[in-house]
>>> print(open('target.cif').read())   # mmCIF, C-alpha atoms
data_start
loop_
_atom_site.group_PDB
_atom_site.id
_atom_site.type_symbol
_atom_site.label_atom_id
_atom_site.label_comp_id
_atom_site.auth_asym_id
_atom_site.auth_seq_id
_atom_site.Cartn_x
_atom_site.Cartn_y
_atom_site.Cartn_z
ATOM 1 C CA MET Y 1 -9.408 -15.534 11.826
ATOM 2 C CA ALA Y 2 -12.698 -17.137 12.909
ATOM 3 C CA ILE Y 3 -14.089 -17.930 9.474
ATOM 4 C CA TRP Y 4 -12.524 -21.293 8.683
ATOM 5 C CA GLY Y 5 -15.375 -23.338 10.114
ATOM 6 C CA LYS Y 6 -17.765 -21.613 7.723
ATOM 7 C CA ILE Y 7 -15.969 -21.603 4.407
ATOM 8 C CA PHE Y 8 -16.065 -25.360 3.854
ATOM 9 C CA GLY Y 9 -19.813 -25.741 4.163
ATOM 10 C CA GLY Y 10 -22.414 -25.177 1.449
ATOM 11 C CA VAL Y 11 -21.173 -23.745 -1.822
ATOM 12 C CA ALA Y 12 -17.581 -23.558 -0.642
ATOM 13 C CA GLY Y 13 -17.490 -27.349 -0.581
ATOM 14 C CA PHE Y 14 -16.994 -27.270 -4.337
ATOM 15 C CA ALA Y 15 -13.598 -25.709 -3.815
ATOM 16 C CA VAL Y 16 -12.010 -28.738 -2.165
ATOM 17 C CA GLY Y 17 -13.224 -31.264 -4.687
ATOM 18 C CA GLY Y 18 -14.565 -34.660 -3.771
ATOM 19 C CA PRO Y 19 -16.856 -36.649 -6.095
ATOM 20 C CA VAL Y 20 -19.655 -34.090 -6.042
ATOM 21 C CA GLY Y 21 -17.330 -31.112 -6.266
ATOM 22 C CA ALA Y 22 -15.420 -32.650 -9.170
ATOM 23 C CA ALA Y 23 -18.594 -33.535 -11.047
ATOM 24 C CA VAL Y 24 -20.118 -30.107 -10.573
ATOM 25 C CA GLY Y 25 -16.791 -28.453 -11.378
ATOM 26 C CA THR Y 26 -16.479 -30.412 -14.613
ATOM 27 C CA ALA Y 27 -20.006 -29.545 -15.713
ATOM 28 C CA LEU Y 28 -19.729 -25.889 -14.808
ATOM 29 C CA GLY Y 29 -16.226 -25.671 -16.201
ATOM 30 C CA HIS Y 30 -17.468 -27.007 -19.535
ATOM 31 C CA ALA Y 31 -20.202 -24.402 -19.485
ATOM 32 C CA ALA Y 32 -17.505 -21.827 -18.866
ATOM 33 C CA ASP Y 33 -15.486 -22.960 -21.860
ATOM 34 C CA THR Y 34 -18.556 -22.701 -24.067
ATOM 35 C CA GLY Y 35 -19.262 -19.195 -22.756
ATOM 36 C CA ALA Y 36 -22.363 -20.104 -20.773
ATOM 37 C CA ILE Y 37 -21.247 -19.213 -17.237
ATOM 38 C CA LEU Y 38 -17.618 -18.258 -16.635
ATOM 39 C CA GLN Y 39 -14.816 -16.753 -18.651
ATOM 40 C CA PRO Y 40 -11.948 -19.266 -18.441
ATOM 41 C CA PRO Y 41 -8.282 -18.232 -18.486
ATOM 42 C CA THR Y 42 -6.530 -18.186 -21.852
ATOM 43 C CA GLY Y 43 -5.910 -21.758 -22.952
ATOM 44 C CA GLY Y 44 -8.706 -23.324 -20.899
ATOM 45 C CA TRP Y 45 -8.837 -24.289 -17.269
ATOM 46 C CA SER Y 46 -5.633 -26.329 -17.222
ATOM 47 C CA ASP Y 47 -2.532 -26.837 -19.320
ATOM 48 C CA ARG Y 48 -2.989 -30.575 -18.777
ATOM 49 C CA TRP Y 49 -5.945 -30.642 -21.119
ATOM 50 C CA ALA Y 50 -5.288 -30.216 -24.830
ATOM 51 C CA ALA Y 51 -8.966 -29.698 -25.634
ATOM 52 C CA ARG Y 52 -10.959 -26.833 -24.153
ATOM 53 C CA SER Y 53 -13.933 -29.188 -23.939
ATOM 54 C CA ARG Y 54 -12.227 -30.895 -20.975
ATOM 55 C CA PRO Y 55 -11.493 -28.161 -18.438
ATOM 56 C CA ASP Y 56 -9.740 -28.815 -15.173
ATOM 57 C CA PRO Y 57 -12.531 -29.667 -12.695
ATOM 58 C CA ASN Y 58 -10.496 -28.455 -9.725
ATOM 59 C CA GLY Y 59 -9.832 -25.017 -11.204
ATOM 60 C CA ALA Y 60 -13.416 -24.671 -12.345
ATOM 61 C CA ALA Y 61 -14.799 -25.869 -9.019
ATOM 62 C CA THR Y 62 -12.681 -23.407 -7.061
ATOM 63 C CA PHE Y 63 -13.796 -20.423 -9.118
ATOM 64 C CA VAL Y 64 -17.425 -21.570 -9.094
ATOM 65 C CA ALA Y 65 -17.278 -21.716 -5.294
ATOM 66 C CA ALA Y 66 -16.059 -18.117 -5.222
ATOM 67 C CA LYS Y 67 -18.689 -17.019 -7.724
ATOM 68 C CA LEU Y 68 -21.509 -18.705 -5.806
ATOM 69 C CA ALA Y 69 -20.321 -17.290 -2.486
ATOM 70 C CA ALA Y 70 -20.339 -13.819 -4.029
ATOM 71 C CA ALA Y 71 -23.716 -14.272 -5.689
ATOM 72 C CA LEU Y 72 -25.321 -15.548 -2.502
ATOM 73 C CA GLY Y 73 -23.904 -12.738 -0.398
ATOM 74 C CA LYS Y 74 -21.645 -15.046 1.613
ATOM 75 C CA LYS Y 75 -18.872 -12.499 2.090
ATOM 76 C CA GLU Y 76 -17.033 -14.445 4.779
ATOM 77 C CA GLN Y 77 -16.927 -17.572 2.634
ATOM 78 C CA LEU Y 78 -15.682 -15.629 -0.363
ATOM 79 C CA TYR Y 79 -13.074 -13.835 1.739
ATOM 80 C CA GLY Y 80 -11.824 -17.066 3.313
ATOM 81 C CA LEU Y 81 -11.609 -18.852 -0.012
ATOM 82 C CA SER Y 82 -9.876 -15.936 -1.693
ATOM 83 C CA CYS Y 83 -7.351 -15.542 1.126
ATOM 84 C CA VAL Y 84 -6.190 -19.131 0.675
ATOM 85 C CA ILE Y 85 -6.356 -19.100 -3.121
ATOM 86 C CA LEU Y 86 -4.511 -15.808 -3.641
ATOM 87 C CA SER Y 87 -1.879 -16.723 -1.052
ATOM 88 C CA ALA Y 88 -1.177 -20.027 -2.802
ATOM 89 C CA LYS Y 89 -1.023 -18.497 -6.273
ATOM 90 C CA LEU Y 90 1.287 -15.698 -5.098
ATOM 91 C CA ALA Y 91 3.636 -18.179 -3.423
ATOM 92 C CA LYS Y 92 3.833 -20.224 -6.623
ATOM 93 C CA CYS Y 93 3.981 -17.443 -9.245
ATOM 94 C CA ASP Y 94 7.777 -16.990 -9.151
ATOM 95 C CA ALA Y 95 9.004 -20.468 -8.164
ATOM 96 C CA PRO Y 96 7.857 -23.660 -6.394
ATOM 97 C CA VAL Y 97 6.255 -22.958 -3.033
ATOM 98 C CA ASN Y 98 8.763 -23.312 -0.198
ATOM 99 C CA ARG Y 99 8.441 -24.024 3.515
ATOM 100 C CA ARG Y 100 9.054 -20.402 4.570
ATOM 101 C CA GLU Y 101 6.136 -19.212 2.450
ATOM 102 C CA ILE Y 102 3.883 -21.917 3.881
ATOM 103 C CA ASN Y 103 4.940 -21.021 7.417
ATOM 104 C CA ALA Y 104 4.222 -17.332 6.728
ATOM 105 C CA PHE Y 105 0.738 -18.299 5.545
ATOM 106 C CA LYS Y 106 0.085 -20.419 8.641
ATOM 107 C CA THR Y 107 1.400 -17.722 10.976
ATOM 108 C CA ARG Y 108 -0.748 -14.978 9.498
ATOM 109 C CA PHE Y 109 -4.002 -16.938 9.228
ATOM 110 C CA ARG Y 110 -3.762 -19.183 12.334
ATOM 111 C CA VAL Y 111 -5.953 -21.918 10.877
ATOM 112 C CA PRO Y 112 -7.483 -24.172 13.586
ATOM 113 C CA ASP Y 113 -6.235 -27.761 13.621
ATOM 114 C CA GLU Y 114 -9.663 -29.116 12.708
ATOM 115 C CA ASN Y 115 -9.677 -27.084 9.482
ATOM 116 C CA MET Y 116 -6.011 -27.475 8.522
ATOM 117 C CA ARG Y 117 -6.599 -30.485 6.267
ATOM 118 C CA GLU Y 118 -9.246 -28.724 4.178
ATOM 119 C CA VAL Y 119 -7.262 -25.485 4.003
ATOM 120 C CA GLY Y 120 -4.187 -27.441 2.963
ATOM 121 C CA ARG Y 121 -6.118 -29.189 0.191
ATOM 122 C CA LEU Y 122 -7.440 -25.870 -1.088
ATOM 123 C CA PHE Y 123 -3.959 -24.301 -0.945
ATOM 124 C CA ASP Y 124 -2.437 -27.219 -2.874
ATOM 125 C CA MET Y 125 -5.226 -27.109 -5.432
ATOM 126 C CA ALA Y 126 -4.955 -23.351 -5.942
ATOM 127 C CA ARG Y 127 -1.201 -23.384 -6.552
ATOM 128 C CA GLN Y 128 -1.534 -25.764 -9.498
ATOM 129 C CA ARG Y 129 -1.853 -22.734 -11.746
ATOM 130 C CA THR Y 130 -1.247 -19.024 -11.284
ATOM 131 C CA ASP Y 131 -2.529 -17.364 -14.448
ATOM 132 C CA ASP Y 132 -6.114 -17.182 -13.184
ATOM 133 C CA TYR Y 133 -5.583 -15.159 -9.994
ATOM 134 C CA GLU Y 134 -7.132 -11.975 -11.393
ATOM 135 C CA ALA Y 135 -10.601 -13.541 -11.494
ATOM 136 C CA PHE Y 136 -10.538 -14.151 -7.733
ATOM 137 C CA ALA Y 137 -9.093 -10.731 -6.898
ATOM 138 C CA ARG Y 138 -11.675 -9.018 -9.116
ATOM 139 C CA GLU Y 139 -14.554 -10.917 -7.480
ATOM 140 C CA LEU Y 140 -13.344 -10.045 -3.991
ATOM 141 C CA GLY Y 141 -12.794 -6.395 -4.885
ATOM 142 C CA GLN Y 142 -16.333 -6.074 -6.229
ATOM 143 C CA VAL Y 143 -17.899 -7.584 -3.115
ATOM 144 C CA TYR Y 144 -15.892 -5.348 -0.733
ATOM 145 C CA THR Y 145 -16.345 -2.118 -2.665
ATOM 146 C CA THR Y 146 -17.732 -0.246 0.347
ATOM 147 C CA ASP Y 147 -15.415 -1.768 2.955
ATOM 148 C CA LYS Y 148 -11.770 -1.860 1.932
ATOM 149 C CA ARG Y 149 -10.349 -2.755 5.329
ATOM 150 C CA PRO Y 150 -10.390 -6.551 4.851
ATOM 151 C CA LEU Y 151 -8.777 -6.092 1.437
ATOM 152 C CA GLU Y 152 -5.950 -4.013 2.882
ATOM 153 C CA ASP Y 153 -5.445 -6.625 5.589
ATOM 154 C CA LEU Y 154 -5.148 -9.297 2.898
ATOM 155 C CA MET Y 155 -2.669 -7.167 0.933
ATOM 156 C CA GLY Y 156 -0.482 -7.010 4.030
ATOM 157 C CA ILE Y 157 -0.590 -10.790 4.350
ATOM 158 C CA LEU Y 158 0.288 -11.282 0.683
ATOM 159 C CA PHE Y 159 3.296 -8.993 1.074
ATOM 160 C CA ALA Y 160 4.408 -10.977 4.129
ATOM 161 C CA ILE Y 161 4.216 -14.231 2.161
ATOM 162 C CA ALA Y 162 6.115 -12.707 -0.766
ATOM 163 C CA ARG Y 163 8.903 -11.538 1.557
ATOM 164 C CA ALA Y 164 9.045 -14.722 3.632
ATOM 165 C CA ASP Y 165 11.938 -16.224 1.660
ATOM 166 C CA LEU Y 166 13.817 -12.958 1.039
ATOM 167 C CA ALA Y 167 16.592 -11.209 2.888
ATOM 168 C CA ALA Y 168 15.509 -8.077 4.742
ATOM 169 C CA ASP Y 169 16.682 -5.675 2.032
ATOM 170 C CA ALA Y 170 16.078 -7.896 -0.996
ATOM 171 C CA PRO Y 171 13.585 -6.763 -3.660
ATOM 172 C CA LEU Y 172 10.505 -8.761 -4.561
ATOM 173 C CA ALA Y 173 10.702 -11.126 -7.490
ATOM 174 C CA PRO Y 174 9.331 -9.414 -10.626
ATOM 175 C CA GLU Y 175 6.538 -11.991 -10.901
ATOM 176 C CA GLU Y 176 5.433 -11.374 -7.320
ATOM 177 C CA GLU Y 177 5.568 -7.604 -7.716
ATOM 178 C CA ARG Y 178 3.373 -7.773 -10.834
ATOM 179 C CA PHE Y 179 0.976 -10.078 -9.015
ATOM 180 C CA LEU Y 180 0.692 -7.723 -6.039
ATOM 181 C CA LYS Y 181 0.284 -4.598 -8.152
ATOM 182 C CA ARG Y 182 -2.497 -6.198 -10.159
ATOM 183 C CA VAL Y 183 -4.307 -7.441 -7.036
ATOM 184 C CA HIS Y 184 -3.965 -3.975 -5.487
ATOM 185 C CA ALA Y 185 -5.563 -2.447 -8.584
ATOM 186 C CA LEU Y 186 -8.379 -4.997 -8.734
ATOM 187 C CA PHE Y 187 -9.090 -4.426 -5.042
ATOM 188 C CA GLY Y 188 -9.419 -0.705 -5.751
ATOM 189 C CA LEU Y 189 -7.079 0.200 -2.899
ATOM 190 C CA SER Y 190 -5.327 3.512 -2.423
ATOM 191 C CA ARG Y 191 -1.674 4.381 -2.735
ATOM 192 C CA GLY Y 192 -1.526 4.658 1.028
ATOM 193 C CA ALA Y 193 -2.831 1.093 1.388
ATOM 194 C CA TRP Y 194 -0.044 -0.158 -0.897
ATOM 195 C CA GLU Y 195 2.624 1.676 1.107
ATOM 196 C CA ARG Y 196 1.307 0.352 4.421
ATOM 197 C CA ALA Y 197 1.081 -3.220 3.143
ATOM 198 C CA ALA Y 198 4.518 -3.057 1.527
ATOM 199 C CA HIS Y 199 6.184 -1.815 4.719
ATOM 200 C CA GLY Y 200 4.194 -3.889 7.202
ATOM 201 C CA ARG Y 201 2.410 -0.927 8.769
ATOM 202 C CA THR Y 202 -1.063 -1.215 10.231
ATOM 203 C CA ARG Y 203 -3.907 0.582 8.549
ATOM 204 C CA PRO Y 204 -5.192 3.766 10.247
ATOM 205 C CA ALA Y 205 -8.242 3.683 12.454
ATOM 206 C CA MET Y 206 -9.960 5.953 9.917
ATOM 207 C CA ALA Y 207 -10.194 4.664 6.346
ATOM 208 C CA GLU Y 208 -9.283 6.938 3.424
ATOM 209 C CA ASP Y 209 -12.899 7.105 2.268
ATOM 210 C CA ASP Y 210 -13.975 8.134 5.773
ATOM 211 C CA ALA Y 211 -11.244 10.782 5.842
ATOM 212 C CA TYR Y 212 -12.675 12.468 2.761
ATOM 213 C CA ALA Y 213 -16.163 12.303 4.293
ATOM 214 C CA VAL Y 214 -14.970 13.956 7.514
ATOM 215 C CA MET Y 215 -13.623 16.857 5.481
ATOM 216 C CA GLY Y 216 -16.726 17.033 3.322
ATOM 217 C CA ALA Y 217 -14.571 16.335 0.270
ATOM 218 C CA THR Y 218 -14.298 13.820 -2.563
ATOM 219 C CA PRO Y 219 -11.186 12.014 -3.851
ATOM 220 C CA ASP Y 220 -11.372 13.787 -7.206
ATOM 221 C CA LEU Y 221 -10.330 17.128 -5.665
ATOM 222 C CA SER Y 222 -6.805 18.272 -6.414
ATOM 223 C CA ASN Y 223 -4.118 18.495 -3.738
ATOM 224 C CA GLU Y 224 -4.373 22.286 -3.754
ATOM 225 C CA GLU Y 225 -8.153 22.211 -3.382
ATOM 226 C CA LEU Y 226 -7.920 19.801 -0.460
ATOM 227 C CA ARG Y 227 -5.270 21.854 1.292
ATOM 228 C CA ALA Y 228 -7.393 25.001 0.885
ATOM 229 C CA LEU Y 229 -10.421 23.158 2.251
ATOM 230 C CA TRP Y 230 -8.454 21.933 5.259
ATOM 231 C CA LYS Y 231 -7.287 25.491 6.056
ATOM 232 C CA LYS Y 232 -10.857 26.740 5.748
ATOM 233 C CA LEU Y 233 -12.134 24.081 8.148
ATOM 234 C CA VAL Y 234 -9.360 24.835 10.639
ATOM 235 C CA ARG Y 235 -10.368 28.492 10.640
ATOM 236 C CA GLN Y 236 -14.008 27.537 11.041
ATOM 237 C CA TYR Y 237 -13.616 25.119 13.950
ATOM 238 C CA HIS Y 238 -10.449 26.190 15.766
ATOM 239 C CA PRO Y 239 -11.320 26.653 19.481
ATOM 240 C CA ASP Y 240 -9.259 29.839 19.813
ATOM 241 C CA ILE Y 241 -11.180 31.498 16.987
ATOM 242 C CA LEU Y 242 -14.494 30.408 18.480
ATOM 243 C CA LEU Y 243 -13.417 31.717 21.882
ATOM 244 C CA ALA Y 244 -12.675 35.087 20.318
ATOM 245 C CA ARG Y 245 -16.216 35.054 18.956
ATOM 246 C CA ASN Y 246 -17.631 34.488 22.442
ATOM 247 C CA ALA Y 247 -18.760 30.930 21.709
ATOM 248 C CA SER Y 248 -20.135 28.900 24.610
ATOM 249 C CA ALA Y 249 -18.114 26.225 26.426
ATOM 250 C CA VAL Y 250 -20.271 23.513 24.824
ATOM 251 C CA GLU Y 251 -19.607 24.899 21.339
ATOM 252 C CA ILE Y 252 -15.881 25.125 21.991
ATOM 253 C CA GLU Y 253 -15.730 21.547 23.279
ATOM 254 C CA ALA Y 254 -17.612 20.285 20.224
ATOM 255 C CA ALA Y 255 -15.281 22.267 17.956
ATOM 256 C CA SER Y 256 -12.236 20.719 19.646
ATOM 257 C CA VAL Y 257 -13.513 17.238 18.828
ATOM 258 C CA LYS Y 258 -14.332 18.307 15.298
ATOM 259 C CA ILE Y 259 -10.924 19.859 14.631
ATOM 260 C CA SER Y 260 -9.180 16.753 15.941
ATOM 261 C CA ARG Y 261 -11.078 14.596 13.446
ATOM 262 C CA ILE Y 262 -10.403 17.061 10.631
ATOM 263 C CA ASN Y 263 -6.667 17.071 11.343
ATOM 264 C CA ALA Y 264 -6.600 13.264 11.592
ATOM 265 C CA ALA Y 265 -8.437 13.018 8.278
ATOM 266 C CA TRP Y 266 -6.061 15.477 6.637
ATOM 267 C CA ASP Y 267 -3.040 13.496 7.896
ATOM 268 C CA ILE Y 268 -4.458 10.312 6.348
ATOM 269 C CA ILE Y 269 -5.149 12.020 3.023
ATOM 270 C CA LYS Y 270 -1.675 13.543 2.960
ATOM 271 C CA ARG Y 271 -0.043 10.135 3.527
ATOM 272 C CA ASP Y 272 -2.298 8.556 0.944
ATOM 273 C CA ARG Y 273 -1.307 11.177 -1.662
ATOM 274 C CA GLY Y 274 2.314 11.403 -0.683
ATOM 275 C CA LEU Y 275 2.081 15.095 0.271
#
>>> encode(input="target.cif", output="structure tokens")
Amino acid sequence: MAIWGKIFGGVAGFAVGGPVGAAVGTALGHAADTGAILQPPTGGWSDRWAARSRPDPNGAATFVAAKLAAALGKKEQLYGLSCVILSAKLAKCDAPVNRREINAFKTRFRVPDENMREVGRLFDMARQRTDDYEAFARELGQVYTTDKRPLEDLMGILFAIARADLAADAPLAPEEERFLKRVHALFGLSRGAWERAAHGRTRPAMAEDDAYAVMGATPDLSNEELRALWKKLVRQYHPDILLARNASAVEIEAASVKISRINAAWDIIKRDRGL
């Protein structure tokens, strides 16, 4: 991923602390606890603080960095931050983070050496608590509403991290499964995206939303309505039917391309719906 050089400049600098980041995080975190800016997790920003008037500056700073990246339209910064943060919180949610989970993270993200120190600091900071992960997943899902592909890619990485310390046929820990299901929901991903991420399959070249568009359909149609529409389109664009109607060679060639896209779209929708 070629985004690591970007995510630690500007607003994302808050996420890795330092004197300025800590000061800003403390101030903004206090504003969050008083309801002025952010909604803090239940119990305040950190279990280390008995009083909600003293929120954890690291937790506040990290979320503020994500919020600012989203507000300023810095999608790559938000995505990079959220990838690290969600990976760390998932790895920690069931037990202390272990070396196999860290290695899975490094393998999937291929962080350049010059950025490893900052990424490591952010990872360590993010795993200090795990009950606030929904805020980051929700923010990322809202920013990528019209382009789900990066979110599905991240789901696949999260599954790989969750399975890194498991035997091949072992089930996920209940805490990790709840984490992944909630992130999947907050991302607004399809059932097909969950199945592909869970089984390590690559996403199709055509996204589910595009598949519905190719068929001139919407996701709220029933399975029966979609199947009827597919059959209608096949009859309309099948080259053999057009040939019987004395269509020109150009029309038949165009119909062949069209029917291929319709069938590909229908295959994606069927997998997504489990048909």
>>> atom_distance(input="target.cif", atom1="CA of Leu81 in chain Y", atom2="CA of Arg100 in chain Y")
21.2 Å
>>> closest_residue(input="target.cif", among="Y:Lys106, Y:Arg235, Y:Arg245, Y:Arg121", to="Ile262 in chain Y", atoms="all atoms listed in the file")
Y:Arg235
>>> axis_aligned_box(input="target.cif", around="range 218-236 of chain Y", padding_each_side="3 Å", output="AutoDock Vina command-line options")
--center_x -9.2 --center_y 20.3 --center_z 1.9 --size_x 16.2 --size_y 22.5 --size_z 24.2
>>> resolve_selection(input="target.cif", expression="the PyMOL selection byres ((chain Y and resi 143) around 10)", output="list in words")
Ala70, Ala71, Gly73, Lys74, Lys75, Leu78, Tyr79, Arg138, Glu139, Leu140, Gly141, Gln142, Tyr144, Thr145, Thr146, Asp147, Lys148 and Phe187 of chain Y
>>> resolve_selection(input="target.cif", expression="the PyMOL selection byres ((chain Y and resi 234) around 12)", output="VMD selection string")
chain Y and resid 215 227 to 233 235 to 242 255 to 264 266
